[in-house]
$ cat work22.txt   # compact mmCIF, C-alpha atoms
# COMPACT_ATOMS: atom_id res chain seq x y z
CA MET A 17 180.84 -1.52 1.82
CA ILE A 18 179.60 -4.34 4.08
CA ASN A 19 182.40 -6.62 5.27
CA ILE A 20 182.26 -10.25 6.35
CA SER A 21 182.49 -9.42 10.07
CA GLU A 22 179.34 -7.29 9.83
CA VAL A 23 177.51 -10.15 8.07
CA SER A 24 178.60 -12.58 10.79
CA GLU A 25 177.57 -10.12 13.49
CA THR A 26 174.08 -9.73 12.00
CA ASN A 27 173.71 -13.50 11.68
CA ALA A 28 174.58 -13.91 15.36
CA MET A 29 172.00 -11.27 16.29
CA ILE A 30 169.30 -13.19 14.42
CA GLU A 31 170.27 -16.72 15.47
CA LYS A 32 171.24 -16.18 19.12
CA GLU A 33 169.88 -12.83 20.30
CA ASN A 34 166.28 -12.69 18.99
CA LEU A 35 166.78 -9.89 16.46
CA ASP A 36 163.74 -9.72 14.23
CA VAL A 37 161.57 -7.50 12.12
CA ARG A 38 158.60 -7.56 14.47
CA THR A 39 156.08 -6.39 11.88
CA ILE A 40 155.48 -5.21 8.35
CA THR A 41 152.32 -3.14 8.67
CA MET A 42 150.48 -1.90 5.61
CA GLY A 43 148.47 1.25 6.25
CA ILE A 44 145.36 1.51 4.06
CA SER A 45 143.12 4.55 3.71
CA LEU A 46 139.40 3.74 3.76
CA LEU A 47 138.26 7.31 3.15
CA ASP A 48 137.28 6.45 -0.43
CA CYS A 49 135.05 3.66 0.90
CA ILE A 50 132.66 5.96 2.80
CA ASP A 51 129.02 5.34 1.92
CA SER A 52 125.69 5.99 3.64
CA ASP A 53 124.56 2.40 2.97
CA LEU A 54 126.11 0.09 5.58
CA GLN A 55 126.19 -3.01 3.36
CA VAL A 56 127.77 -1.09 0.49
CA LEU A 57 130.32 0.38 2.91
CA ARG A 58 131.23 -3.05 4.26
CA GLN A 59 131.75 -4.44 0.77
CA LYS A 60 133.91 -1.47 -0.25
CA ILE A 61 136.03 -1.90 2.89
CA TYR A 62 136.54 -5.60 2.28
CA ASP A 63 137.42 -5.08 -1.39
CA LYS A 64 139.89 -2.26 -0.65
CA ILE A 65 141.71 -4.23 2.06
CA TYR A 66 141.81 -7.46 0.06
CA LYS A 67 143.03 -5.81 -3.13
CA SER A 68 145.67 -3.78 -1.28
CA ALA A 69 147.06 -6.50 0.99
CA GLU A 70 146.46 -9.82 -0.80
CA ASN A 71 150.22 -10.27 -1.36
CA LEU A 72 151.48 -8.79 1.92
CA VAL A 73 152.01 -12.09 3.75
CA LYS A 74 153.53 -13.85 0.72
CA VAL A 75 156.01 -11.01 0.11
CA GLY A 76 156.94 -10.85 3.78
CA GLU A 77 157.69 -14.57 3.82
CA GLU A 78 159.69 -14.35 0.59
CA ILE A 79 161.86 -11.53 1.97
CA SER A 80 162.39 -13.48 5.18
CA THR A 81 163.55 -16.51 3.19
CA ASP A 82 165.71 -14.52 0.76
CA TYR A 83 167.57 -12.52 3.42
CA GLY A 84 167.37 -14.87 6.40
CA ILE A 85 165.72 -12.20 8.54
CA PRO A 86 162.75 -13.30 10.69
CA ILE A 87 159.65 -11.22 9.94
CA VAL A 88 157.38 -12.21 12.78
CA ASN A 89 154.11 -10.44 11.92
CA LYS A 90 152.37 -9.07 8.86
CA ARG A 91 149.65 -6.61 9.81
CA ILE A 92 147.24 -4.00 8.48
CA SER A 93 146.17 -0.63 9.84
CA VAL A 94 143.19 1.31 8.49
CA THR A 95 141.65 4.76 8.76
CA PRO A 96 139.92 5.23 12.15
CA ILE A 97 136.57 3.52 11.72
CA ALA A 98 134.67 6.24 13.58
CA LEU A 99 135.46 8.50 10.61
CA VAL A 100 134.64 5.88 7.98
CA GLY A 101 131.40 4.55 9.44
CA GLY A 102 129.79 7.73 10.70
CA SER A 103 127.37 8.25 7.82
CA ALA A 104 126.27 4.59 7.65
CA CYS A 105 126.00 3.60 11.31
CA SER A 106 123.11 4.54 13.57
CA SER A 107 123.85 2.16 16.45
CA PRO A 108 126.78 0.40 18.17
CA GLU A 109 125.62 -2.82 16.51
CA ASP A 110 126.06 -1.21 13.08
CA PHE A 111 129.67 -0.33 13.90
CA ALA A 112 130.27 -3.86 15.17
CA GLN A 113 129.23 -5.14 11.73
CA ILE A 114 132.13 -3.18 10.25
CA ALA A 115 134.45 -4.86 12.77
CA ILE A 116 133.25 -8.25 11.56
CA THR A 117 134.03 -7.21 7.97
CA LEU A 118 137.51 -6.10 9.02
CA ASP A 119 138.07 -9.42 10.77
CA LYS A 120 137.02 -11.38 7.68
CA ALA A 121 139.33 -9.34 5.46
CA ALA A 122 142.22 -9.85 7.89
CA HIS A 123 141.65 -13.61 7.95
CA ASP A 124 141.32 -13.83 4.19
CA VAL A 125 144.62 -12.04 3.45
CA GLY A 126 146.34 -13.99 6.25
CA VAL A 127 147.63 -11.18 8.50
CA ASN A 128 148.14 -11.51 12.26
CA PHE A 129 146.20 -8.42 13.33
CA LEU A 130 144.30 -5.48 11.87
CA GLY A 131 144.31 -2.14 13.70
CA GLY A 132 142.21 0.95 13.21
CA TYR A 133 138.93 0.15 14.93
CA SER A 134 139.58 3.54 16.40
CA ALA A 135 138.34 7.01 17.28
CA LEU A 136 140.16 10.32 17.76
CA VAL A 137 138.33 12.20 20.52
CA SER A 138 140.94 14.34 22.26
CA LYS A 139 138.72 17.45 22.25
CA GLY A 140 135.22 16.01 22.14
CA MET A 141 133.04 13.27 20.69
CA THR A 142 130.67 13.38 17.74
CA SER A 143 127.58 11.17 17.87
CA ALA A 144 129.38 8.71 15.56
CA ASP A 145 132.43 8.67 17.83
CA LYS A 146 130.28 7.82 20.83
CA LEU A 147 128.46 5.03 18.99
CA MET A 148 131.75 3.58 17.85
CA LEU A 149 133.19 3.65 21.39
CA GLU A 150 130.06 1.98 22.75
CA SER A 151 130.45 -0.76 20.11
CA ILE A 152 133.97 -1.75 21.20
CA PRO A 153 133.01 -4.46 23.74
CA LEU A 154 130.75 -6.17 21.20
CA ALA A 155 133.23 -5.73 18.35
CA LEU A 156 136.21 -7.18 20.25
CA SER A 157 134.17 -10.08 21.62
CA GLU A 158 132.93 -11.04 18.14
CA THR A 159 136.24 -10.76 16.29
CA GLU A 160 139.66 -12.39 16.59
CA LEU A 161 142.14 -10.18 14.73
CA VAL A 162 140.68 -6.68 15.10
CA CYS A 163 142.46 -4.23 17.43
CA SER A 164 140.99 -1.02 18.81
CA SER A 165 142.48 2.27 19.97
CA VAL A 166 141.05 5.55 21.20
CA ASN A 167 142.99 8.82 21.43
CA VAL A 168 141.49 10.84 24.29
CA GLY A 169 144.09 13.57 24.73
CA SER A 170 146.90 15.58 23.20
CA THR A 171 149.32 18.31 24.16
CA LYS A 172 147.57 20.66 21.75
CA THR A 173 143.96 20.03 22.81
CA GLY A 174 144.06 18.76 26.40
CA ILE A 175 142.25 15.68 27.72
CA ASP A 176 138.61 14.86 26.99
CA MET A 177 137.55 13.63 30.43
CA ASP A 178 134.11 12.61 29.13
CA ALA A 179 135.88 10.17 26.81
CA VAL A 180 138.21 9.04 29.62
CA ARG A 181 135.24 8.30 31.87
CA LEU A 182 133.49 6.41 29.07
CA MET A 183 136.63 4.38 28.32
CA GLY A 184 136.75 3.21 31.93
CA LYS A 185 133.30 1.70 31.38
CA ILE A 186 134.20 0.36 27.92
CA ILE A 187 137.28 -1.46 29.23
CA LYS A 188 135.25 -3.03 32.03
CA LYS A 189 132.48 -4.12 29.62
CA THR A 190 135.06 -5.54 27.19
CA ALA A 191 136.57 -7.56 30.02
CA GLU A 192 133.14 -8.91 30.97
CA ARG A 193 132.22 -9.86 27.38
CA THR A 194 135.46 -11.84 27.00
CA ALA A 195 135.59 -13.18 30.58
CA ASP A 196 135.57 -16.77 29.32
CA ARG A 197 138.92 -16.09 27.58
CA GLY A 198 140.75 -14.34 30.41
CA SER A 199 139.21 -10.96 29.44
CA ILE A 200 141.50 -11.00 26.41
CA GLY A 201 139.40 -8.40 24.58
CA CYS A 202 141.15 -5.76 26.68
CA ALA A 203 144.52 -6.92 25.34
CA LYS A 204 143.37 -5.62 21.95
CA LEU A 205 142.24 -2.22 23.27
CA VAL A 206 144.51 0.74 24.04
CA VAL A 207 143.80 4.33 25.13
CA PHE A 208 146.23 7.02 23.89
CA CYS A 209 147.40 10.55 24.41
CA ASN A 210 149.29 12.01 21.43
CA ALA A 211 148.76 8.88 19.33
CA PRO A 212 151.06 8.76 16.27
CA ASP A 213 149.49 8.32 12.82
CA ASP A 214 152.17 5.87 11.63
CA ASN A 215 152.55 3.38 14.48
CA PRO A 216 153.04 -0.17 13.09
CA PHE A 217 152.61 -1.91 16.46
CA MET A 218 149.36 -3.36 17.80
CA ALA A 219 146.99 -2.75 19.43
CA GLY A 220 147.47 0.96 18.76
CA ALA A 221 148.07 1.06 15.00
CA PHE A 222 145.76 3.09 12.78
CA HIS A 223 146.25 4.76 9.39
CA GLY A 224 146.23 8.53 9.96
CA VAL A 225 144.14 10.79 7.74
CA THR A 226 147.27 12.71 6.66
CA GLU A 227 148.89 9.53 5.29
CA ALA A 228 148.99 8.39 1.66
CA ASP A 229 146.41 5.97 0.24
CA ARG A 230 148.68 3.03 1.14
CA ILE A 231 151.96 2.96 3.06
CA LEU A 232 154.36 0.41 4.57
CA ASN A 233 155.58 0.96 8.12
CA ILE A 234 158.16 -1.43 9.59
CA GLY A 235 158.61 -2.29 13.26
CA VAL A 236 162.02 -3.63 14.28
CA SER A 237 162.90 -5.09 17.67
CA GLY A 238 165.83 -6.67 19.48
CA PRO A 239 166.03 -6.39 23.27
CA GLY A 240 168.23 -9.49 23.32
CA VAL A 241 170.71 -7.85 20.94
CA VAL A 242 171.04 -4.79 23.19
CA LYS A 243 171.46 -6.91 26.32
CA LYS A 244 174.19 -9.00 24.68
CA ALA A 245 176.02 -5.84 23.60
CA LEU A 246 175.85 -4.44 27.13
CA GLU A 247 177.28 -7.64 28.58
CA SER A 248 180.49 -6.84 26.71
CA VAL A 249 180.83 -3.48 28.52
CA HIS A 250 179.69 -4.63 31.96
CA GLY A 251 180.79 -2.16 34.65
CA LYS A 252 182.10 0.46 32.20
CA ASP A 253 181.28 4.18 32.48
CA PHE A 254 178.07 5.84 31.28
CA GLU A 255 179.60 7.17 28.08
CA THR A 256 180.59 3.66 27.05
CA LEU A 257 177.15 2.39 28.03
CA CYS A 258 175.41 5.03 25.91
CA GLU A 259 177.65 4.53 22.90
CA THR A 260 177.07 0.78 23.00
CA VAL A 261 173.27 1.13 23.03
CA LYS A 262 173.39 3.74 20.28
CA LYS A 263 175.64 1.71 17.98
CA THR A 264 173.53 -1.40 18.50
CA ALA A 265 170.31 0.49 17.74
CA PHE A 266 171.92 1.77 14.54
CA LYS A 267 172.69 -1.78 13.37
CA VAL A 268 169.22 -3.04 14.22
CA THR A 269 167.56 -0.16 12.36
CA ARG A 270 169.63 -0.84 9.24
CA VAL A 271 168.12 -4.33 9.11
CA GLY A 272 164.66 -2.76 9.19
CA GLN A 273 165.64 -0.29 6.47
CA LEU A 274 166.71 -3.16 4.20
CA VAL A 275 163.41 -4.99 4.69
CA ALA A 276 161.39 -1.80 4.26
CA LYS A 277 162.96 -0.91 0.92
CA GLU A 278 162.64 -4.44 -0.42
CA ALA A 279 159.01 -4.80 0.68
CA SER A 280 158.15 -1.43 -0.82
CA LYS A 281 159.67 -2.44 -4.16
CA ARG A 282 158.00 -5.85 -4.32
CA LEU A 283 154.56 -4.65 -3.23
CA GLY A 284 154.59 -1.36 -5.13
CA VAL A 285 153.60 0.50 -1.95
CA PRO A 286 155.54 3.55 -0.65
CA PHE A 287 157.81 3.09 2.38
CA GLY A 288 156.64 5.14 5.36
CA ILE A 289 158.75 4.81 8.51
CA ILE A 290 160.94 2.50 10.55
CA ASP A 291 159.80 2.11 14.14
CA LEU A 292 162.72 0.88 16.24
CA SER A 293 161.08 -0.23 19.46
CA LEU A 294 162.59 -2.60 21.97
CA ALA A 295 159.42 -4.67 22.21
CA PRO A 296 159.87 -7.72 24.45
CA THR A 297 158.35 -11.17 23.97
CA PRO A 298 157.87 -14.04 26.42
CA ALA A 299 160.95 -15.73 24.90
CA ILE A 300 163.92 -16.10 27.24
CA GLY A 301 166.51 -13.40 26.52
CA ASP A 302 164.04 -11.06 24.81
CA SER A 303 163.35 -8.77 27.76
CA VAL A 304 163.63 -5.02 28.34
CA ALA A 305 163.72 -5.65 32.09
CA ASP A 306 166.83 -7.81 31.58
CA ILE A 307 168.52 -4.87 29.83
CA LEU A 308 167.84 -2.71 32.88
CA CYS A 309 169.28 -5.42 35.13
CA GLU A 310 172.38 -5.66 32.92
CA MET A 311 172.83 -1.91 33.51
CA GLY A 312 173.15 -2.64 37.22
CA LEU A 313 169.70 -3.02 38.76
CA GLU A 314 168.79 -6.05 40.88
CA TYR A 315 165.26 -5.98 39.45
CA ALA A 316 163.29 -3.63 37.21
CA GLY A 317 161.56 -1.30 39.65
CA ALA A 318 164.56 -0.84 41.96
CA PRO A 319 165.78 2.72 42.66
CA GLY A 320 167.47 3.98 39.50
CA THR A 321 165.06 2.20 37.16
CA THR A 322 163.55 5.37 35.69
CA ALA A 323 167.01 6.84 35.04
CA ALA A 324 168.22 3.63 33.38
CA LEU A 325 165.10 3.46 31.20
CA ALA A 326 165.48 7.13 30.22
CA LEU A 327 169.04 6.47 29.11
CA LEU A 328 168.00 3.38 27.15
CA ASN A 329 165.08 5.06 25.43
CA ASP A 330 167.11 8.11 24.40
CA GLN A 331 170.07 6.18 23.04
CA VAL A 332 167.80 3.86 21.06
CA LYS A 333 166.23 6.91 19.39
CA LYS A 334 169.63 8.49 18.68
CA GLY A 335 170.96 5.32 17.08
CA GLY A 336 167.81 4.87 15.05
CA VAL A 337 167.72 8.35 13.55
CA MET A 338 171.31 7.96 12.35
CA ALA A 339 170.39 4.74 10.52
CA SER A 340 167.30 5.91 8.64
CA SER A 341 165.92 9.22 7.44
CA TYR A 342 162.41 8.05 8.26
CA VAL A 343 162.28 6.91 11.87
CA GLY A 344 158.80 7.32 13.30
CA GLY A 345 155.97 5.55 15.08
CA LEU A 346 156.79 5.05 18.75
CA SER A 347 160.54 4.18 18.58
CA GLY A 348 162.09 3.55 21.98
CA ALA A 349 161.51 0.96 24.71
CA PHE A 350 158.23 -0.77 25.55
CA ILE A 351 157.56 -1.89 29.13
CA PRO A 352 154.65 -4.34 28.94
CA VAL A 353 154.28 -6.70 31.88
CA SER A 354 152.72 -9.81 30.36
CA GLU A 355 155.09 -9.91 27.37
CA ASP A 356 158.31 -9.54 29.39
CA GLN A 357 159.49 -12.34 31.72
CA GLY A 358 161.85 -9.97 33.52
CA MET A 359 158.99 -7.59 34.30
CA ILE A 360 156.87 -10.52 35.53
CA ASN A 361 159.69 -11.61 37.83
CA ALA A 362 159.99 -8.08 39.21
CA VAL A 363 156.23 -7.94 39.89
CA ASN A 364 156.29 -11.32 41.60
CA THR A 365 159.10 -10.25 43.94
CA GLY A 366 157.20 -7.09 44.90
CA CYS A 367 159.85 -4.80 43.38
CA LEU A 368 157.69 -3.49 40.53
CA THR A 369 154.33 -1.84 41.25
CA LEU A 370 151.73 -0.06 39.16
CA GLU A 371 152.88 3.27 40.59
CA LYS A 372 156.51 2.60 39.64
CA LEU A 373 155.44 1.58 36.14
CA GLU A 374 153.58 4.88 35.86
CA ALA A 375 156.79 6.75 36.76
CA MET A 376 158.68 4.75 34.14
CA THR A 377 156.17 5.79 31.46
CA CYS A 378 157.41 9.36 31.81
CA VAL A 379 160.58 8.33 29.96
CA CYS A 380 159.69 5.25 27.86
CA SER A 381 158.08 5.31 24.44
CA VAL A 382 154.53 4.29 25.36
CA GLY A 383 152.82 3.72 28.70
CA LEU A 384 151.08 1.28 31.03
CA ASP A 385 151.00 -1.77 28.83
CA MET A 386 149.51 -5.27 29.18
CA ILE A 387 148.88 -4.96 32.91
CA ALA A 388 146.41 -7.38 34.46
CA ILE A 389 144.42 -6.00 37.40
CA PRO A 390 141.67 -7.47 39.61
CA GLY A 391 138.39 -8.10 37.80
CA ASP A 392 136.41 -6.21 40.43
CA THR A 393 138.31 -2.95 39.86
CA LYS A 394 135.77 -0.12 39.45
CA ASP A 395 135.40 1.56 36.06
CA THR A 396 136.01 4.94 37.74
CA THR A 397 139.33 3.66 39.09
CA ILE A 398 140.30 2.54 35.58
CA ALA A 399 139.30 5.98 34.29
CA GLY A 400 141.46 7.61 36.98
CA ILE A 401 144.49 5.54 35.95
CA ILE A 402 143.87 6.51 32.31
CA ALA A 403 143.61 10.20 33.29
CA ASP A 404 146.93 10.06 35.15
CA GLU A 405 148.69 8.50 32.17
CA MET A 406 147.12 10.92 29.68
CA ALA A 407 148.30 13.84 31.83
CA ILE A 408 151.89 12.56 31.67
CA GLY A 409 151.69 12.50 27.87
CA MET A 410 149.97 15.87 27.57
CA ILE A 411 152.38 17.74 29.84
CA ASN A 412 155.53 16.06 28.55
CA GLN A 413 154.58 16.31 24.86
CA LYS A 414 154.99 12.56 24.32
CA THR A 415 152.90 9.54 23.43
CA THR A 416 151.46 7.71 26.41
CA ALA A 417 149.01 4.83 26.46
CA VAL A 418 147.05 2.52 28.74
CA ARG A 419 146.31 -1.14 28.08
CA LEU A 420 144.79 -2.48 31.28
CA ILE A 421 143.12 -5.88 31.59
CA PRO A 422 140.67 -6.23 34.48
CA VAL A 423 140.50 -10.03 34.55
CA ILE A 424 137.01 -11.04 35.58
CA GLY A 425 136.98 -13.58 38.41
CA LYS A 426 140.62 -13.11 39.37
CA GLY A 427 142.35 -11.14 42.12
CA VAL A 428 145.79 -10.25 43.41
CA GLY A 429 147.92 -13.38 43.65
CA ASP A 430 146.32 -15.02 40.62
CA LYS A 431 147.69 -15.03 37.10
CA VAL A 432 146.13 -15.03 33.64
CA GLU A 433 147.41 -16.85 30.54
CA PHE A 434 147.01 -15.17 27.14
CA GLY A 435 149.36 -17.32 25.06
CA GLY A 436 151.57 -16.50 22.10
CA LEU A 437 153.29 -13.11 22.03
CA LEU A 438 150.93 -11.85 24.76
CA GLY A 439 152.34 -14.29 27.33
CA TYR A 440 150.92 -14.40 30.85
CA ALA A 441 150.58 -11.89 33.66
CA PRO A 442 150.29 -11.80 37.44
CA ILE A 443 147.28 -9.82 38.71
CA MET A 444 148.68 -6.56 40.10
CA PRO A 445 147.12 -4.65 43.00
CA VAL A 446 145.43 -1.31 42.32
CA ASN A 447 145.21 1.64 44.73
CA PRO A 448 141.90 1.05 46.55
CA TYR A 449 141.05 4.68 47.27
CA SER A 450 138.29 6.45 45.34
CA CYS A 451 138.62 9.01 42.53
CA ASP A 452 134.90 8.92 41.67
CA GLU A 453 134.15 12.59 42.25
CA PHE A 454 137.12 13.70 40.17
CA VAL A 455 136.49 11.55 37.08
CA ASN A 456 132.73 12.20 37.19
CA ARG A 457 133.23 15.90 36.54
CA LYS A 458 132.10 16.89 33.03
CA GLY A 459 134.21 18.42 30.26
CA ARG A 460 137.91 18.39 29.52
CA ILE A 461 141.23 19.26 31.08
CA PRO A 462 142.69 22.23 29.12
CA ALA A 463 145.89 22.03 27.12
CA PRO A 464 149.02 23.13 29.03
CA VAL A 465 150.44 26.62 28.57
CA HIS A 466 153.44 25.33 26.61
CA SER A 467 151.09 23.98 23.91
CA PHE A 468 150.82 27.49 22.43
CA LYS A 469 153.54 27.38 19.81
CA ASN A 470 152.23 29.81 17.16
$ encode --input "work22.txt" --output "structure tokens"
Amino acid sequence: MINISEVSETNAMIEKENLDVRTITMGISLLDCIDSDLQVLRQKIYDKIYKSAENLVKVGEEISTDYGIPIVNKRISVTPIALVGGSACSSPEDFAQIAITLDKAAHDVGVNFLGGYSALVSKGMTSADKLMLESIPLALSETELVCSSVNVGSTKTGIDMDAVRLMGKIIKKTAERTADRGSIGCAKLVVFCNAPDDNPFMAGAFHGVTEADRILNIGVSGPGVVKKALESVHGKDFETLCETVKKTAFKVTRVGQLVAKEASKRLGVPFGIIDLSLAPTPAIGDSVADILCEMGLEYAGAPGTTAALALLNDQVKKGGVMASSYVGGLSGAFIPVSEDQGMINAVNTGCLTLEKLEAMTCVCSVGLDMIAIPGDTKDTTIAGIIADEMAIGMINQKTTAVRLIPVIGKGVGDKVEFGGLLGYAPIMPVNPYSCDEFVNRKGRIPAPVHSFKN
């Protein structure tokens, strides 16, 4: 039974502490759209998305009004396009035409973003995979709402270094093609190791091939709620700290569960998972870095930061799994730079570096996220950073990701404005020493010995 104090507490979380349902993401399988004729394929894709998601935004807004819960984004994820377009596309330009179709469908149904312009190449690339990867700069420069992701490694298969090397070039080309907009194309492009099939968050969402024809995945967030809860136990012992985070995560996840069940019923689409991720926004008081400071750090990046983040990430997961039987996606704490004012402050003071962020990704739920770097950074250096992050994911059996933005025409000391939820970012320095010979080797890094589970 819910009592009046719990209702009041939830209202306070929403009104004062930035609790929200960050996204309702509908996953849509496009496998039944596959056709060898590109124009037929594009029409099938548009029709399937429109028919499936035409009421998604309306239902999301109705639930938000009925329950008083902010639902910030309504999004779509689709089957990785490299799989869908392989038989119809004979050039990168052909694949880019599919991206334009996806963008039109996303605009017409009114969603914020559409993810799934993706390829899964952790053990090697087919000819279609390679064409699709080569199309990414064109696709992201010609579309507004399409997001792209590429999985280049996994604990089970190792890391495809040919794909890593190519993605260094792709990221640089994407930055150049969108240089007039602060290289924003790279903000919609993420490289993964161990990518989950049911992630509702962008830019990494895609609809896995093992999923149902349609599914609803819900992303819930509330860094401000956790920070406020920790203020009430300031200076207390670690057990109290952990229990407070865990109980707060439980309450936040229950809000997501309510929305998920209601959306599933109204749309007639099965509920998939709740992703409880502390995903910051540029809004004041909605910062993961501020949570770390409330734990006792002067700035994010100070000694003890990795330990504090590990504690936070683990307790968030523990609270979430007690609140819902279907917790999935990424679930934990995100540490983007541009979307988190506390992280930006730490970078500007010199406390937080790219190397420290890499260490933090060993214990958070994703990886190097929304980091702006100098526009003249070499593609091999970008590939080396990707390889390092993929190795952390592969060895530690966790999801890791890289979303780097080499901002053309800008250097260390400058900043770039993205606007909206993407915020702004200071340009961070990158290690200047070469890794060219290493990343230019051919082949793949083998899976670790502990990947053999059979």
$ residues_near_point --input "work22.txt" --point "(144.0, 13.6, 22.9)" --cutoff "9 Å" --atoms "all atoms listed in the file" --output "list of chain:residue names"
A:Leu136, A:Val137, A:Ser138, A:Lys139, A:Val166, A:Asn167, A:Val168, A:Gly169, A:Ser170, A:Thr171, A:Lys172, A:Thr173, A:Gly174, A:Ile175, A:Asp176, A:Phe208, A:Cys209, A:Asn210, A:Ala211, A:Met406, A:Met410
$ residues_around --input "work22.txt" --residues "Glu405 (chain A)" --least-positions-apart "4" --cutoff "7 Å" --atoms "all atoms listed in the file" --output "list in words"
Ile401, Gly409, Thr416 and Ala417 of chain A
$ axis_aligned_box --input "work22.txt" --around "region 258-268 of chain A" --padding-each-side "6 Å" --output "lines of an AutoDock Vina configuration file"
center_x = 173.4
center_y = 1.0
center_z = 19.6
size_x = 20.4
size_y = 20.1
size_z = 24.5
$ residues_around --input "work22.txt" --residues "region 43-59 of chain A" --least-positions-apart "6" --cutoff "9 Å" --atoms "all atoms listed in the file" --output "PDB file with C-alpha atoms, keeping the file's coordinate frame"
ATOM      1  CA  ILE A  65     141.710  -4.230   2.060  1.00  0.00           C
ATOM      2  CA  SER A  68     145.670  -3.780  -1.280  1.00  0.00           C
ATOM      3  CA  ALA A  69     147.060  -6.500   0.990  1.00  0.00           C
ATOM      4  CA  ARG A  91     149.650  -6.610   9.810  1.00  0.00           C
ATOM      5  CA  ILE A  92     147.240  -4.000   8.480  1.00  0.00           C
ATOM      6  CA  SER A  93     146.170  -0.630   9.840  1.00  0.00           C
ATOM      7  CA  VAL A  94     143.190   1.310   8.490  1.00  0.00           C
ATOM      8  CA  THR A  95     141.650   4.760   8.760  1.00  0.00           C
ATOM      9  CA  PRO A  96     139.920   5.230  12.150  1.00  0.00           C
ATOM     10  CA  ILE A  97     136.570   3.520  11.720  1.00  0.00           C
ATOM     11  CA  LEU A  99     135.460   8.500  10.610  1.00  0.00           C
ATOM     12  CA  VAL A 100     134.640   5.880   7.980  1.00  0.00           C
ATOM     13  CA  GLY A 101     131.400   4.550   9.440  1.00  0.00           C
ATOM     14  CA  GLY A 102     129.790   7.730  10.700  1.00  0.00           C
ATOM     15  CA  SER A 103     127.370   8.250   7.820  1.00  0.00           C
ATOM     16  CA  ALA A 104     126.270   4.590   7.650  1.00  0.00           C
ATOM     17  CA  CYS A 105     126.000   3.600  11.310  1.00  0.00           C
ATOM     18  CA  ASP A 110     126.060  -1.210  13.080  1.00  0.00           C
ATOM     19  CA  GLN A 113     129.230  -5.140  11.730  1.00  0.00           C
ATOM     20  CA  ILE A 114     132.130  -3.180  10.250  1.00  0.00           C
ATOM     21  CA  THR A 117     134.030  -7.210   7.970  1.00  0.00           C
ATOM     22  CA  LEU A 118     137.510  -6.100   9.020  1.00  0.00           C
ATOM     23  CA  ASP A 214     152.170   5.870  11.630  1.00  0.00           C
ATOM     24  CA  PRO A 216     153.040  -0.170  13.090  1.00  0.00           C
ATOM     25  CA  ALA A 221     148.070   1.060  15.000  1.00  0.00           C
ATOM     26  CA  PHE A 222     145.760   3.090  12.780  1.00  0.00           C
ATOM     27  CA  HIS A 223     146.250   4.760   9.390  1.00  0.00           C
ATOM     28  CA  GLY A 224     146.230   8.530   9.960  1.00  0.00           C
ATOM     29  CA  VAL A 225     144.140  10.790   7.740  1.00  0.00           C
ATOM     30  CA  GLU A 227     148.890   9.530   5.290  1.00  0.00           C
ATOM     31  CA  ALA A 228     148.990   8.390   1.660  1.00  0.00           C
ATOM     32  CA  ASP A 229     146.410   5.970   0.240  1.00  0.00           C
ATOM     33  CA  ARG A 230     148.680   3.030   1.140  1.00  0.00           C
ATOM     34  CA  ILE A 231     151.960   2.960   3.060  1.00  0.00           C
ATOM     35  CA  LEU A 232     154.360   0.410   4.570  1.00  0.00           C
ATOM     36  CA  ASN A 233     155.580   0.960   8.120  1.00  0.00           C
TER      37      ASN A 233
END
$ residues_around --input "work22.txt" --residues "Gly348 (chain A)" --least-positions-apart "3" --cutoff "8 Å" --atoms "only C-alpha atoms" --output "number ranges by chain"
A: 292-294, 328-330, 332-333, 380-381
$ residues_around --input "work22.txt" --residues "Ala339 (chain A)" --least-positions-apart "4" --cutoff "7 Å" --atoms "only C-alpha atoms" --output "list in words"
Phe266, Thr269, Arg270 and Gly335 of chain A
$ closest_residue --input "work22.txt" --among "A:Thr194, A:Asn412, A:Thr397, A:Thr226" --to "Val455 (chain A)" --atoms "only C-alpha atoms"
A:Thr397
$ atom_distance --input "work22.txt" --atom1 "CA of Asp36 (chain A)" --atom2 "CA of Glu78 (chain A)"
15.0 Å
$ residues_around --input "work22.txt" --residues "Val268 (chain A)" --least-positions-apart "3" --cutoff "8 Å" --atoms "only C-alpha atoms" --output "ChimeraX atom specification"
/A:35,236-238,264-265,271-272,292
$ closest_residue --input "work22.txt" --among "A:Ile408, A:Ala203, A:Glu192, A:Gly427" --to "Val353 (chain A)" --atoms "all atoms listed in the file"
A:Ala203
$ atom_distance --input "work22.txt" --atom1 "CA of Lys426 (chain A)" --atom2 "CA of Pro298 (chain A)"
21.6 Å
$ closest_residue --input "work22.txt" --among "A:Pro445, A:Leu438, A:Gly76, A:Asn71" --to "Ala276 (chain A)" --atoms "all atoms listed in the file"
A:Gly76
$ closest_residue --input "work22.txt" --among "A:Val127, A:Ala144, A:Met376, A:Gln357" --to "Gly320 (chain A)" --atoms "all atoms listed in the file"
A:Met376
$ atom_distance --input "work22.txt" --atom1 "CA of Gly429 (chain A)" --atom2 "CA of Tyr449 (chain A)"
19.7 Å
